[in-house]
Amino acid sequence: MTGLPAPLNAVIPTGASRERRVVPIIELAVLAILLAYPVFVTLLTAGGETLDFNNYFVIRATSILLLAMLAISFDLCWGYSGIMSFGQALFFGMGGYFAAKLATEFGVTNLLLVASAGMMIGTLSAMFVGWFLLLGKKSPSIVFVSLGTLTSSFAAQRLIAGSQWLGAANGLSLSELPTVFGAELGVGVFFYYVALLFLFAAYVTSRILVRSQFGLALSGIRQNEGRLAFLGYRLQIYKLIVFSFAGLIAGCAGAIYAFCVGFVGPSTIGITTSTFAVLYGLFGGVGTLIGPVIGTVVIEGLTVLLSGSDALKAYWPIMLGVIMLVVVSYRPGGLVGLFVTERERFGSFGIVRRLKREAAHDD
Amino acid sequence: MTEPLLKIRDVGKAFGTLRALSGVDVDIHPNTFHGLIGPNGSGKSTLLKAIAGDHFADEGTITFTGIDVTRATPWQRSRLGLSLKFQITAILPELRVYDNLLLALQAHQSIGGLLLSRSRHALDVEIMALLDQFLLSSQAERLAGEMSHGEQQWLEIAMALALKPKLLLLDEPTGGMSPEERRVTGELLAPIRDHCTLIIVEHDLNFIKDICDNLTVLDNGRVLDGGTVAEIEGSAKVQKVYTTRA
């Protein structure tokens with residue numbers, strides 16, 4: 001621009017240098033480990049000539065993959081949109097109960113149908129809860145939303161515990177095995193890879209969502225909600241969309257989870273599972289998507305390993321509590337926060353250019 | 001005279017027992033720069049916030065482009081063409097300067113389009129033009145929070161102007177700026193007169209005198225006087241308030 005002092009433009013140092021991106025490396029490493037794990041375990045535990053495709057450690061790992069989807073859905077709420085959902089298991093459990101009922105009452109075992117039903121019920125219940133909690137004229141406080149979601153999850157737990165039709169306190173057992181295109185899937189290695197496929201799909205769609213222009217608006221909401229309203233954003237609608245999408249992922253995971261463990265109970269929908277979703281996220285590092293996946297794998301993996309020893313098993317919840325306190329107090333970025341800078345975590349959204357050093361000299 | 005762009009009629013606002021505004025009438029005409037001045041606590045910011053929708057007036061009406069917006073939400077006012085720069089800079093510090101502007105420019109687009117990132121490339125030209133206009137081209141890749149205070153103010157003005165508003169509210173645009181930066185800010189704002197109306201709340205009376213056409217003087221939540229800059233400078237009432245309390 002003419003007539004303006006060039007020094008104002010020139011004395012200021014040009015932008016910060018581009019940093020190496022770490023997240024994609026972590027993502028690829030996690031994917032490689034998850035892909036190789038069943039092969040590794042199956043070969044390692046092969047007794048004599050036969051390979052055991054229904055190894056216990058593979059079955060447990062399958063359930064962990066589905067819990068990782070729950071953790072992703074929590075991250076979308078808290079890590080990306082500032083919605084403190086302390087009741088994410090509500091949607092997970094809704095999916096689980098719906099799937100269990102479909103299987104036991106109507107004989108529906110087709111995993112694709114089951115997963116779709118879980119997505120539907122998860123989305124609808126999240127929309128219903130979100131409608132109450134998020135759609136006020138003024139933006140609701142974090143405390144209001146966290147108590148609201150916590151109460152919803154607790155209420156569902158108590159309602160189900162009192163309903164004979166839903167198995168009351170004993171929950172519902174599923175003896176039916178899931179099928180894919182008419183073929184029985186079993187619960188071993190093949191089921192593991194199907195679950196991994198669902199986790200992968202949930203991860204990729206979530207990642208596209210949070211890195212889109214819509215994700216830019218979410219990033220703004222997280223940093224300065226008030227400002228976004230004055231720019232002309234309808235915050236409540238944005239939040240409701242994310243909350244419902246998180247419900248979709250949690251519902252889908254819950255429906256498959258019911259088949260994986262062959263059981264849904266009041267604790268699946270209640271506070272215990274809800275709290276674990278929060279723990280997975282905070283431990284692994286929210287606002288990164290991959291952090292909660294790692295958090296789930298580490299926490300649940302250690303739980304499985306330690307359950308072998310009775311002495312350690314008794315102390316595990318206490319140790320877990322201490323680890324959580326340490327992480328939340330000293331590393332609010334979680335495990336992933338050790339490697340990923342804040343700049344990378346927030347990331348960039350529009351076109352990224354090489355720095356235009358010439359621009360400063362042009363004037 | 002042309003129909004006013006913004007009509008404020010008999011607006012009152014109380015916080016508990018404190019009456020911040022009472023019976024305020026102001027007309028803002030299109031393509032003028034209008035200054036709101038007055039001593040501390042005279043109700044300037046309260047009036048500005050009532051216009052922006054940060055809080056609602058208790059009584060009276062605010063009409064913008066012929067539409068009653070007294071109780072409209074901030075995003076509804078934004079869609080009608082009203083924009084605002086806060087007193088405290090409210091840029092998004094963790095995002096690049098470039099992305100701050102993208103965020104402002106895409107604000108009125110459909111959510112579906114944003115999910116598909118449809119306008120990411122199309123808006124590039126506008127973003128680069130705004131960066132250029134506000135002397136921030138070399139800062140595009142920096143995090144907004146890393147810039148100097150003056151540059152953050154300019155970025156925020158650029159964000160407020162991104163959607164070509166009909167009316168822009170500026171709450172202390174030169175707060176914390178050096179004299180040189182104030183002068184540049186004045187030059188940056190001058191060209192927008194062709195397509196935008198401006199309401200400025202500002203302590204720096206010299207800045208206000210240089211840039212504004214009309215002034216409204218508030219005192220104790222009431223309009224003390226209003227008119228052109230020359231009229232206000234000659235007003236005995238205003239002189240009295242400013243000299244007795246300065």
# chains A, B, ... in the order shown; residues from 1 in each chain; ligands from 1
>>> select_by_dssp(residues="range 96-270 of chain A", states="strand (DSSP E or B)", output="list of chain:residue names")
A:Asn110, A:Leu172, A:Ser173, A:Thr179, A:Val180, A:Ala183, A:Glu184, A:Phe263, A:Val264
>>> interface_residues(of="chain B", to="chain A", cutoff="6 Å", atoms="only C-alpha atoms", output="list in words")
Pro74, Trp75, Ser78, Asp99, Ala107, Leu114, Leu115, Ser117, Arg120, Ser138, Gln139, Glu141 and Arg142 of chain B
>>> closest_residue(among="B:Ile192, B:Val223, B:Leu130, B:Val229", to="Val11 in chain B", atoms="only C-alpha atoms")
B:Val223
>>> residues_around(residues="Asn206 in chain B", least_positions_apart="3", cutoff="12 Å", atoms="only C-alpha atoms", output="PDB file with C-alpha atoms, in the first residue's frame")
ATOM      1  CA  GLY B  35     -18.021   8.897  17.288  1.00  0.00           C
ATOM      2  CA  ILE B  37     -17.609  10.050  23.379  1.00  0.00           C
ATOM      3  CA  THR B 174      -6.483   2.434  19.070  1.00  0.00           C
ATOM      4  CA  PRO B 179       1.018   7.393  18.111  1.00  0.00           C
ATOM      5  CA  ARG B 182      -2.828   5.312  15.661  1.00  0.00           C
ATOM      6  CA  ARG B 183      -2.061   7.405  12.621  1.00  0.00           C
ATOM      7  CA  GLY B 186      -6.783   6.220  10.814  1.00  0.00           C
ATOM      8  CA  GLU B 202     -12.600   6.022  21.699  1.00  0.00           C
ATOM      9  CA  HIS B 203     -10.784   7.906  24.434  1.00  0.00           C
ATOM     10  CA  LYS B 209     -11.886  14.459  15.607  1.00  0.00           C
ATOM     11  CA  ASP B 210      -9.727  13.493  12.660  1.00  0.00           C
ATOM     12  CA  ILE B 211     -11.775  10.568  11.497  1.00  0.00           C
ATOM     13  CA  CYS B 212     -15.423  11.214  12.456  1.00  0.00           C
ATOM     14  CA  VAL B 229     -17.437  17.607  15.008  1.00  0.00           C
ATOM     15  CA  GLU B 233     -16.271  21.518  19.590  1.00  0.00           C
TER      16      GLU B 233
END
>>> atom_distance(atom1="CA of Glu27 in chain A", atom2="CA of Leu199 in chain A")
12.7 Å
>>> closest_atom_pairs(of="range 190-270 of chain A", to="range 163-181 of chain A", cutoff="12 Å", atoms="only C-alpha atoms", output="CSV")
residue,atom,partner,partner_atom,distance
A:Phe190,CA,A:Val180,CA,10.5
A:Phe191,CA,A:Pro178,CA,8.6
A:Val194,CA,A:Val180,CA,9.5
A:Ala195,CA,A:Pro178,CA,11.7
A:Ala255,CA,A:Pro178,CA,10.8
A:Ile256,CA,A:Pro178,CA,8.7
A:Tyr257,CA,A:Pro178,CA,10.8
A:Ala258,CA,A:Leu174,CA,7.6
A:Phe259,CA,A:Pro178,CA,6.5
A:Cys260,CA,A:Pro178,CA,8.5
A:Val261,CA,A:Leu174,CA,8.5
A:Gly262,CA,A:Leu174,CA,4.7
A:Phe263,CA,A:Ser173,CA,4.4
A:Val264,CA,A:Leu172,CA,5.4
A:Gly265,CA,A:Gly171,CA,3.8
A:Pro266,CA,A:Gly171,CA,6.3
A:Ser267,CA,A:Gly171,CA,8.8
A:Thr268,CA,A:Gly171,CA,9.1
A:Ile269,CA,A:Gly171,CA,10.6
A:Gly270,CA,A:Ala169,CA,11.8
>>> residues_around(residues="range 144-151 of chain A", least_positions_apart="2", cutoff="9 Å", atoms="only C-alpha atoms", output="list in words")
Ile83, Met84, Ser85, Phe86, Gly87, Gln88, Leu90, Val129, Gly130, Phe132, Leu133, Leu134, Pro140, Ser141, Ile142, Ser153, Phe154, Ala155, Ala156, Gly270, Ile271 and Ser274 of chain A
>>> write_last_selection(atoms="N, CA and C atoms", output="PDB file, in the first residue's frame")
ATOM      1  N   ILE A  83     -17.447 -29.318  24.631  1.00  0.00           N
ATOM      2  CA  ILE A  83     -18.639 -29.882  25.288  1.00  0.00           C
ATOM      3  C   ILE A  83     -18.139 -30.949  26.255  1.00  0.00           C
ATOM      4  N   MET A  84     -18.210 -30.689  27.569  1.00  0.00           N
ATOM      5  CA  MET A  84     -17.700 -31.659  28.527  1.00  0.00           C
ATOM      6  C   MET A  84     -18.737 -32.754  28.701  1.00  0.00           C
ATOM      7  N   SER A  85     -18.578 -33.848  27.939  1.00  0.00           N
ATOM      8  CA  SER A  85     -19.562 -34.920  28.017  1.00  0.00           C
ATOM      9  C   SER A  85     -19.109 -35.965  29.026  1.00  0.00           C
ATOM     10  N   PHE A  86     -19.743 -35.921  30.189  1.00  0.00           N
ATOM     11  CA  PHE A  86     -19.426 -36.897  31.215  1.00  0.00           C
ATOM     12  C   PHE A  86     -20.390 -38.068  31.133  1.00  0.00           C
ATOM     13  N   GLY A  87     -21.095 -38.197  30.017  1.00  0.00           N
ATOM     14  CA  GLY A  87     -22.069 -39.273  29.893  1.00  0.00           C
ATOM     15  C   GLY A  87     -22.010 -39.909  28.520  1.00  0.00           C
ATOM     16  N   GLN A  88     -20.800 -39.998  27.968  1.00  0.00           N
ATOM     17  CA  GLN A  88     -20.670 -40.513  26.607  1.00  0.00           C
ATOM     18  C   GLN A  88     -21.107 -41.974  26.515  1.00  0.00           C
ATOM     19  N   LEU A  90     -23.692 -43.211  27.614  1.00  0.00           N
ATOM     20  CA  LEU A  90     -25.131 -43.303  27.357  1.00  0.00           C
ATOM     21  C   LEU A  90     -25.384 -43.758  25.920  1.00  0.00           C
ATOM     22  N   VAL A 129     -30.554 -35.525  23.905  1.00  0.00           N
ATOM     23  CA  VAL A 129     -29.862 -34.947  25.068  1.00  0.00           C
ATOM     24  C   VAL A 129     -29.320 -33.556  24.723  1.00  0.00           C
ATOM     25  N   GLY A 130     -28.711 -33.442  23.533  1.00  0.00           N
ATOM     26  CA  GLY A 130     -28.131 -32.175  23.101  1.00  0.00           C
ATOM     27  C   GLY A 130     -29.170 -31.085  22.946  1.00  0.00           C
ATOM     28  N   PHE A 132     -31.734 -30.601  24.761  1.00  0.00           N
ATOM     29  CA  PHE A 132     -31.972 -30.026  26.084  1.00  0.00           C
ATOM     30  C   PHE A 132     -30.778 -29.217  26.582  1.00  0.00           C
ATOM     31  N   LEU A 133     -29.583 -29.779  26.370  1.00  0.00           N
ATOM     32  CA  LEU A 133     -28.421 -29.194  27.035  1.00  0.00           C
ATOM     33  C   LEU A 133     -27.759 -28.079  26.241  1.00  0.00           C
ATOM     34  N   LEU A 134     -27.861 -28.126  24.923  1.00  0.00           N
ATOM     35  CA  LEU A 134     -27.035 -27.222  24.121  1.00  0.00           C
ATOM     36  C   LEU A 134     -27.803 -26.137  23.389  1.00  0.00           C
ATOM     37  N   PRO A 140     -24.583 -22.631  27.067  1.00  0.00           N
ATOM     38  CA  PRO A 140     -24.559 -23.217  28.412  1.00  0.00           C
ATOM     39  C   PRO A 140     -23.138 -23.322  28.968  1.00  0.00           C
ATOM     40  N   SER A 141     -23.030 -23.302  30.279  1.00  0.00           N
ATOM     41  CA  SER A 141     -21.701 -23.397  30.898  1.00  0.00           C
ATOM     42  C   SER A 141     -21.203 -24.837  30.850  1.00  0.00           C
ATOM     43  N   ILE A 142     -19.892 -24.999  31.000  1.00  0.00           N
ATOM     44  CA  ILE A 142     -19.282 -26.325  30.976  1.00  0.00           C
ATOM     45  C   ILE A 142     -19.842 -27.182  32.113  1.00  0.00           C
ATOM     46  N   SER A 153     -26.640 -40.120  31.811  1.00  0.00           N
ATOM     47  CA  SER A 153     -26.041 -41.445  31.821  1.00  0.00           C
ATOM     48  C   SER A 153     -26.454 -42.213  33.081  1.00  0.00           C
ATOM     49  N   PHE A 154     -26.446 -41.525  34.205  1.00  0.00           N
ATOM     50  CA  PHE A 154     -26.821 -42.161  35.468  1.00  0.00           C
ATOM     51  C   PHE A 154     -28.297 -42.553  35.454  1.00  0.00           C
ATOM     52  N   ALA A 155     -29.135 -41.657  34.933  1.00  0.00           N
ATOM     53  CA  ALA A 155     -30.573 -41.945  34.875  1.00  0.00           C
ATOM     54  C   ALA A 155     -30.822 -43.183  34.024  1.00  0.00           C
ATOM     55  N   ALA A 156     -30.125 -43.280  32.886  1.00  0.00           N
ATOM     56  CA  ALA A 156     -30.296 -44.437  32.007  1.00  0.00           C
ATOM     57  C   ALA A 156     -29.888 -45.712  32.729  1.00  0.00           C
ATOM     58  N   GLY A 270     -23.694 -46.759  32.007  1.00  0.00           N
ATOM     59  CA  GLY A 270     -23.685 -45.846  33.155  1.00  0.00           C
ATOM     60  C   GLY A 270     -22.401 -45.100  33.375  1.00  0.00           C
ATOM     61  N   ILE A 271     -22.237 -44.714  34.628  1.00  0.00           N
ATOM     62  CA  ILE A 271     -21.171 -43.787  34.980  1.00  0.00           C
ATOM     63  C   ILE A 271     -19.778 -44.405  34.841  1.00  0.00           C
ATOM     64  N   SER A 274     -18.747 -44.216  31.294  1.00  0.00           N
ATOM     65  CA  SER A 274     -18.637 -42.787  30.950  1.00  0.00           C
ATOM     66  C   SER A 274     -17.349 -42.203  31.483  1.00  0.00           C
TER      67      SER A 274
END
>>> residues_around(residues="Ser73 in chain A", least_positions_apart="4", cutoff="12 Å", atoms="only C-alpha atoms", output="PyMOL selection string")
chain A and resi 66-69+77-81+83-92+122-123+126+199+202-203+205-207+242-254+274+277-278+280-281+286-290+292-293
>>> closest_residue(among="B:Leu155, B:Asn31, B:Ala122, B:Lys85", to="Asp194 in chain B", atoms="only C-alpha atoms")
B:Asn31
>>> atom_distance(atom1="CA of Phe53 in chain A", atom2="CA of Tyr192 in chain A")
10.3 Å
>>> select_by_dssp(residues="range 35-192 of chain B", states="alpha helix (DSSP H)", output="VMD selection string")
chain B and resid 44 to 52 74 to 80 97 to 105 111 to 115 124 to 133 149 to 161 179 to 189
>>> residues_around(residues="range 218-222 of chain B", least_positions_apart="3", cutoff="10 Å", atoms="only C-alpha atoms", output="ChimeraX atom specification")
/B:10-14,19-25,36-44,46-47,215,225-226,238,241
>>> write_last_selection(atoms="C-alpha atoms", output="PDB file, in the first residue's frame")
ATOM      1  CA  ASP B  10     -35.511   5.896  23.968  1.00  0.00           C
ATOM      2  CA  VAL B  11     -33.102   3.105  24.904  1.00  0.00           C
ATOM      3  CA  GLY B  12     -32.576   2.384  28.592  1.00  0.00           C
ATOM      4  CA  LYS B  13     -30.523  -0.197  30.417  1.00  0.00           C
ATOM      5  CA  ALA B  14     -30.022  -0.844  34.107  1.00  0.00           C
ATOM      6  CA  ARG B  19     -28.960   3.069  35.491  1.00  0.00           C
ATOM      7  CA  ALA B  20     -26.367   2.814  32.752  1.00  0.00           C
ATOM      8  CA  LEU B  21     -28.527   4.294  29.975  1.00  0.00           C
ATOM      9  CA  SER B  22     -31.796   6.205  29.934  1.00  0.00           C
ATOM     10  CA  GLY B  23     -33.796   7.691  27.105  1.00  0.00           C
ATOM     11  CA  VAL B  24     -31.014   7.522  24.543  1.00  0.00           C
ATOM     12  CA  ASP B  25     -31.955   8.637  21.016  1.00  0.00           C
ATOM     13  CA  LEU B  36     -19.422   8.077  20.726  1.00  0.00           C
ATOM     14  CA  ILE B  37     -17.609  10.050  23.379  1.00  0.00           C
ATOM     15  CA  GLY B  38     -18.092  10.860  27.010  1.00  0.00           C
ATOM     16  CA  PRO B  39     -16.392  10.570  30.361  1.00  0.00           C
ATOM     17  CA  ASN B  40     -15.691   7.175  31.916  1.00  0.00           C
ATOM     18  CA  GLY B  41     -18.885   5.449  33.005  1.00  0.00           C
ATOM     19  CA  SER B  42     -21.045   7.611  30.749  1.00  0.00           C
ATOM     20  CA  GLY B  43     -22.577   4.559  29.051  1.00  0.00           C
ATOM     21  CA  LYS B  44     -20.626   4.449  25.768  1.00  0.00           C
ATOM     22  CA  THR B  46     -23.111  -0.174  27.345  1.00  0.00           C
ATOM     23  CA  LEU B  47     -24.754   1.478  24.347  1.00  0.00           C
ATOM     24  CA  LEU B 215     -20.346  12.924  17.373  1.00  0.00           C
ATOM     25  CA  ASP B 225     -25.262  16.658  22.865  1.00  0.00           C
ATOM     26  CA  GLY B 226     -24.960  15.545  19.280  1.00  0.00           C
ATOM     27  CA  VAL B 238     -19.751  19.597  26.303  1.00  0.00           C
ATOM     28  CA  VAL B 241     -18.436  18.384  31.234  1.00  0.00           C
TER      29      VAL B 241
END
>>> atom_distance(atom1="CA of Leu188 in chain B", atom2="CA of Met147 in chain B")
18.1 Å
